[in-house]
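Below you'll find the structure, written out as structure tokens, and then a few comments.
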There are 2 protein chains.
Amino acid sequence: MQAEEGRKRVIIESVAPEIDAGQFPIKRIVGDTVVVEADVLTDGHDAISVVLQYRTEAGTQWTEVPMEPLVNDRWRGTFKVQELGRYRYTLLVWVDQFKSWSRDLAKRVEAGQDVTLDLLIGAGLVEAAGKRAPLIHAGWLRTFAEAMRAGGADGARQALSAELAALMYRHAERLVATKYEKELTVVVDRQRARFGAWYELFPRSASSSPGQHGTFKDVEARLPYIASMGFDVLYLPPIHPIGRSFRKGRNNSTDPTPDDPGSPWAIGSAEGGHKAIHPQLGTLEDFRHLVKSAAEYGIELALDIAFQCSPDHPYVTEHPEWFRRRPDGTIQYAENPPKKYQDIYPFDFETEHWRELWDELKSIVQFWADQGVRIFRVDNPHTKPFAFWEWLITEIKRDCPEAVFLAEAFTRPKVMYRLAKVGFTQSYNYFPWRNTRQELTQYLTELTQTQVREFFAANLWPNTPDILPEYLQYGGRPAFLTRLILAATLGPSYGIYGPPYELCENRPLAPDREEYLDSEKFEVRYWDVDRPDSLRQLISRVNQARRENTAFQSNHNLRFHAADNEQIIAYSKSNADESNQVLVVVNLDPHHKQSGFIDLPLDELGIDARQPYQAHDLLTDARYLWQGTHNYVELNPETVPAHIFVIRRRVRTEHDFDYYL
Amino acid sequence: MQAEEGRKRVIIESVAPEIDAGQFPIKRIVGDTVVVEADVLTDGHDAISVVLQYRTEAGTQWTEVPMEPLVNDRWRGTFKVQELGRYRYTLLVWVDQFKSWSRDLAKRVEAGQDVTLDLLIGAGLVEAAGKRAPLIHAGWLRTFAEAMRAGGADGARQALSAELAALMYRHAERLVATKYEKELTVVVDRQRARFGAWYELFPRSASSSPGQHGTFKDVEARLPYIASMGFDVLYLPPIHPIGRSFRKGRNNSTDPTPDDPGSPWAIGSAEGGHKAIHPQLGTLEDFRHLVKSAAEYGIELALDIAFQCSPDHPYVTEHPEWFRRRPDGTIQYAENPPKKYQDIYPFDFETEHWRELWDELKSIVQFWADQGVRIFRVDNPHTKPFAFWEWLITEIKRDCPEAVFLAEAFTRPKVMYRLAKVGFTQSYNYFPWRNTRQELTQYLTELTQTQVREFFAANLWPNTPDILPEYLQYGGRPAFLTRLILAATLGPSYGIYGPPYELCENRPLAPDREEYLDSEKFEVRYWDVDRPDSLRQLISRVNQARRENTAFQSNHNLRFHAADNEQIIAYSKSNADESNQVLVVVNLDPHHKQSGFIDLPLDELGIDARQPYQAHDLLTDARYLWQGTHNYVELNPETVPAHIFVIRRRVRTEHDFDYYL
């Protein structure tokens, strides 16, 4: 079987960025530049013209940008995404007869050949373009064609003019142009999707009086404290009524006292389900007020979306068809055999009524979006179908493109990445378990310097209510400082679960467990946030450094640097136009002072090796004058285990002195 | 928009081998095993079953092979291709309720839990499978279900039996199984597509009398000579009538004498075109006789397919619409401005009559296939559209799956690879310009140890009528020995252009040119193939080693090894079952003796480092007893610049001596 159009001679391949053959979108932030590259080939020696086409998903007209050849048949073009939502991009290529002809003409003229006949060929091409062009251009083209038909040196000069080249490009013969067979998608999010400092707290532990169940009003009272540390997002575990059946007691005991408040993730009781508020926290009105008050402090509220039910959830009686039933008529609770979680009923996503289930779950997210919530932290997304998430996130973002979804995908790597591909804006990840220099370098390089960065945005958390890593258990206060600085400077998005974090709470449930003793998941706790040993001051300095230095606000330029001491990690970042450059040096050993030499690739950093440059430490305000690639550092975990430097290339000299001249 | 079937929970990604998202087939040889891997994921903790499905393209029924999990959600399955032509393969995956259930049951039993209710759930699954099974299996399943309903230790034992697992796998519920969205293709060729030693000669220079125009009969007379060197394929430049207009004289002069025979690539004259035979070579009958005689020597004939015309080609008058016309009414000749090739008219593949042109060109290949030719060396394929080749090769191979197409694609790398993807069996490549150890290691690693090997098969030529590389010009006889051994042992397919090669002809057209002086392309030459300094003996030994050692017949296991002398390159190969292992060590310096130590990764080679092993040199028949990874070699370019070792792991000891016991 012959091709439909055998004259399409152009091949477009290895287009980048392109995720899984275009099955999934890449992600960008408003204002970002999308750099598109592709291999574009044709047979023989003809010249080709390559354009990058882009539009918003709603738009009907493509905007075109010419792509430029690099080397080895690779072409590059760029465009900026200015609007929230979705963009499309693709390529259009044609064999460019006029371009080939004029390239060859230049060589013939250079070789002193008679080009009379060639000019006639060219004039024919110009006249043909004239027929495709609007009147005014057609006139210009006719004039060019006449000069070419007249021949001679003037004909050749006009034939090779930039003006004619521009006109001919504009009115190129695109009849047998090749369009790339895919339209690729960009999801454009707002800045908070990439950059933000998160703070998680349990509202029920927010009371300023010990023994008191906290309320939304207590959380409001804590806003100045959270804002003073410089956090952008306040994330609350589930705020819904908590089930009573099989309720868990303190430290996950199956033998609760009547006063035990239960786990907030055991959602649903007689008081309501996922759209209701736990009565002890307050009312929906209180919640809306909290959202508004937080906004006044520049803080955005994030809610927890945990799609599971306590046995007392209204869905269980209203929609028994959404749950799996056992032969004895009871509903199948959650299990990880031989462990049983009888306080949790998972939804049965294999139910024949999956369409109704999907719709209802979507309505939950929509309900909270209607209350002004735009950030959702999704509990265990990897236990629900990928297709469900792809649908739900696309649906929500259609009307609400500023929505952000953080996946609590503590699961296998490919599952984690797939969830990002189907739409999650950000994801938890293996950062809690990456502690050594090699581990951190390898993992962050994978996340930021490979194709992963096109679809996966890590949110780095040194702790969560579920995870008290070994490093924090044994490293004391220096470990908390170190991990906070690593998270905040390695990740544009990071978060801590407080107040346990800033108060350096490090008692594990048992020596070999990475869970908290007396976890807030199962009881109300009281925290004295004004304790003098709090990390509050340092946190606020770190967050201030993040806000004032745009280099911290993305990860595309993360580079690790050599250090001759294995306990010292050094890395730099710069912003898009390289006007802001930061260098972070961290002592990973929480027990001992460490020192050594770090090596900076000055040429990559745009620093003249013959000139001094300034390293200004934003944690201590110390300023070091450095020169050359090799520089000494010494870090004491007992004071500050890290430098967060701004690198300033230019240092003042006598030439800057007023009286110098 | 919701998915059509929201309960399809399985994801299949990163399937390998898969070329450009399945757009192109992979290539294999009859008898090869295809190893397929894929990432297969689902949400949650359910077990999945993964099967690899394959069939011949003509077949309607899939054969299924269970795939096995590796690590990190990667699965692997294999199948053998036994027939020439095309195979398809794909994957089918389902969430396996019974497998999940029995995995969990085992854990519950292990933990000593009461499993009565679980056995009832399982019995339900078994009964459901019984309804899908044929009568006899249904009976067995019923018996299992009854035992499970009876409960107790026996019920659990039967539930966990391998017999039940096998039955349940066989009758699994596949209603919401996920089929991989693509069917991938394998092109299966015969062994000669991968393995063969080629010999190119100009028939017109095959006469045994100086000054005489050679004929097909002369070529027949030379068959014993070619066979004695061990070649498998005899490739002839174009054998068609040669044009007279603008004929080139000796050394490409534009001022020929009336006696100059012209270039065989200037195809077509009053005597005929691409389906005719140059009268001075003989008749079609003679040609058919040559094909048959060659076959008797185990040699297959390969023809040159050069789709271009001399101005005297009958097509020029019969089908002027297949050529581009200039404003003065003349036909556009080939050019690479400012160079002009007025003796060659290229076809205009952008003609409106491209369909007729394609059909005619296909009929040329078909014509020669009808004369018994199965191997085609295609001249400059990169100057004709990719789509044309994809169509032509697919069409020809449909009826003639044993056809082999060698692309003379001396062009840019991506164009070269694309031609392989669209169907060329083999390709010329950059081997003539890869001379140093680093160049050879890097290039052959790219060709054989990356995805390139799935679609691209290199045919390594140290020279061609167009290329007399610098290394051969300056390295004397040792250079010819070295490059022959490299080509023959690095490539399952390789070739030489003789007799100039075995006679070490090394005079360039000019000092800075890589073309032959007095090239046969433009004149009839006489060669005294019996010259005592011919490389004939060595070539025959090398080709014998290739035939007797299957390790040389593929390239999947090519491994380069360290040597402490930069002039020494060492590499090994093994066959599929590792029963044959060869090690080649070459001195790349044609001027000096070189010696040094080479390092062999004995564990990779399956050799016990504590035992001696034998390195048997097939060039000199010397046998070396080696032990350990580090071994000394010394190579003199004036004698033999290389070792071609067979490695024998087991060396005889006293235990093998008859009287030992």
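A note on labels: chains of the structure tokens are A, B, ... as shown, every chain counts residues from 1, and ligands are counted from 1 in their shown order.
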
Contacts from chain A to chain B, 6 Å maximum, only C-alpha atoms: show me the residue list as an NGL selection string. :A and (7 or 9 or 43-44 or 104 or 107-108 or 337-338 or 350 or 382-385)

Please produce a file of the residues just selected, as a PDB file, in the first residue's frame, where the atoms kept are C-alpha atoms.
ATOM      1  CA  ARG A   7       5.883  13.676  -1.463  1.00  0.00           C
ATOM      2  CA  ARG A   9       9.635  13.851   2.679  1.00  0.00           C
ATOM      3  CA  ASP A  43      16.350  12.984   2.298  1.00  0.00           C
ATOM      4  CA  GLY A  44      18.914  14.563   0.058  1.00  0.00           C
ATOM      5  CA  ASP A 104      22.790  27.010  -3.924  1.00  0.00           C
ATOM      6  CA  LYS A 107      27.532  29.070  -3.875  1.00  0.00           C
ATOM      7  CA  ARG A 108      27.274  29.437  -7.640  1.00  0.00           C
ATOM      8  CA  PRO A 337      -2.615  -9.374  55.833  1.00  0.00           C
ATOM      9  CA  PRO A 338      -2.160 -10.413  58.497  1.00  0.00           C
ATOM     10  CA  GLU A 350     -14.180  -2.243  40.943  1.00  0.00           C
ATOM     11  CA  HIS A 382      -1.662   4.947  45.014  1.00  0.00           C
ATOM     12  CA  THR A 383      -4.470   2.786  46.389  1.00  0.00           C
ATOM     13  CA  LYS A 384      -7.013   4.242  43.954  1.00  0.00           C
ATOM     14  CA  PRO A 385      -6.969   3.761  40.164  1.00  0.00           C
TER      15      PRO A 385
END

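Of the listed residues B:Ala457, B:Ala221, B:Val378, B:Ala276, the one whose atoms come nearest to Lys27 in chain B is B:Ala457, with distances taken using only C-alpha atoms.
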
Give the helix (DSSP H, G or I) residues of range 275-394 of chain B, as assigned by DSSP on the backbone, as a ChimeraX atom specification. /B:279-281,284-296,314-318,320-322,354-370,381-383,386-394

Find the residues around Thr257 in chain B up to 10 Å (only C-alpha atoms counted), leave out those fewer than 6 positions away in its own chain, and share them as number ranges by chain. B: 247-250

Need the shell around Lys80 in chain A: protein/DNA/RNA residues with any atom at most 8 Å away, counting only C-alpha atoms. Skip same-chain ones fewer than 4 positions apart. Format as number ranges by chain? A: 31-34

Ile26 in chain A environment, 7 Å, only C-alpha atoms, sequence neighbours closer than 6 positions dropped, as number ranges by chain: A: 19, 185-187, 454-455

Those residues with N, CA and C atoms, as a PDB file, in the first residue's frame please?
ATOM      1  N   ILE A  19       6.373  13.408  27.012  1.00  0.00           N
ATOM      2  CA  ILE A  19       6.316  12.357  28.019  1.00  0.00           C
ATOM      3  C   ILE A  19       5.556  11.155  27.469  1.00  0.00           C
ATOM      4  N   THR A 185       1.025  18.558  25.111  1.00  0.00           N
ATOM      5  CA  THR A 185       0.305  19.414  26.051  1.00  0.00           C
ATOM      6  C   THR A 185       1.224  19.919  27.153  1.00  0.00           C
ATOM      7  N   VAL A 186       1.001  21.153  27.544  1.00  0.00           N
ATOM      8  CA  VAL A 186       1.637  21.741  28.719  1.00  0.00           C
ATOM      9  C   VAL A 186       0.532  22.067  29.707  1.00  0.00           C
ATOM     10  N   VAL A 187       0.670  21.644  30.946  1.00  0.00           N
ATOM     11  CA  VAL A 187      -0.219  22.115  31.997  1.00  0.00           C
ATOM     12  C   VAL A 187       0.487  23.276  32.680  1.00  0.00           C
ATOM     13  N   GLU A 454      10.152  17.085  34.055  1.00  0.00           N
ATOM     14  CA  GLU A 454       9.113  17.604  33.179  1.00  0.00           C
ATOM     15  C   GLU A 454       7.711  17.327  33.716  1.00  0.00           C
ATOM     16  N   PHE A 455       7.601  16.296  34.565  1.00  0.00           N
ATOM     17  CA  PHE A 455       6.252  15.960  35.042  1.00  0.00           C
ATOM     18  C   PHE A 455       6.151  15.790  36.556  1.00  0.00           C
TER      19      PHE A 455
END

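Of the residues in range 378-580 of chain A, those that DSSP places in strand (DSSP E) on the basis of the backbone are Val378, Val404, Phe405, Leu406, Ala407, Gln426, Ser427, Asn459, Leu460, Ser493, Tyr494, Gly495, Ile496, Tyr497, Arg559, Phe560, His561, Ile568, Ile569, Ala570, Tyr571, Ser572, Lys573 and Ser574 of chain A.
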
Any chance you can output those residues with C-alpha atoms as a PDB file, in the first residue's frame?
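Final output, saved to selection-v3.pdb:
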ATOM      1  CA  VAL A 378      -4.234  13.582  48.746  1.00  0.00           C
ATOM      2  CA  VAL A 404      -2.783  22.152  43.394  1.00  0.00           C
ATOM      3  CA  PHE A 405      -2.751  18.433  44.241  1.00  0.00           C
ATOM      4  CA  LEU A 406      -0.006  16.997  46.431  1.00  0.00           C
ATOM      5  CA  ALA A 407       0.197  13.203  46.241  1.00  0.00           C
ATOM      6  CA  GLN A 426       3.459  17.648  43.477  1.00  0.00           C
ATOM      7  CA  SER A 427       4.416  14.534  45.329  1.00  0.00           C
ATOM      8  CA  ASN A 459       7.744  18.405  47.882  1.00  0.00           C
ATOM      9  CA  LEU A 460      10.466  17.661  50.431  1.00  0.00           C
ATOM     10  CA  SER A 493       8.549  23.153  47.700  1.00  0.00           C
ATOM     11  CA  TYR A 494       9.129  21.712  51.137  1.00  0.00           C
ATOM     12  CA  GLY A 495       7.212  21.304  54.326  1.00  0.00           C
ATOM     13  CA  ILE A 496       7.411  20.367  57.965  1.00  0.00           C
ATOM     14  CA  TYR A 497       4.952  18.840  60.346  1.00  0.00           C
ATOM     15  CA  ARG A 559      24.199  21.539  40.530  1.00  0.00           C
ATOM     16  CA  PHE A 560      26.167  19.554  43.068  1.00  0.00           C
ATOM     17  CA  HIS A 561      29.795  20.411  43.706  1.00  0.00           C
ATOM     18  CA  ILE A 568      29.971  17.957  53.500  1.00  0.00           C
ATOM     19  CA  ILE A 569      27.499  18.452  50.673  1.00  0.00           C
ATOM     20  CA  ALA A 570      27.645  21.537  48.448  1.00  0.00           C
ATOM     21  CA  TYR A 571      25.241  22.618  45.740  1.00  0.00           C
ATOM     22  CA  SER A 572      24.279  25.746  43.883  1.00  0.00           C
ATOM     23  CA  LYS A 573      21.217  27.041  42.098  1.00  0.00           C
ATOM     24  CA  SER A 574      20.495  30.001  39.931  1.00  0.00           C
TER      25      SER A 574
END
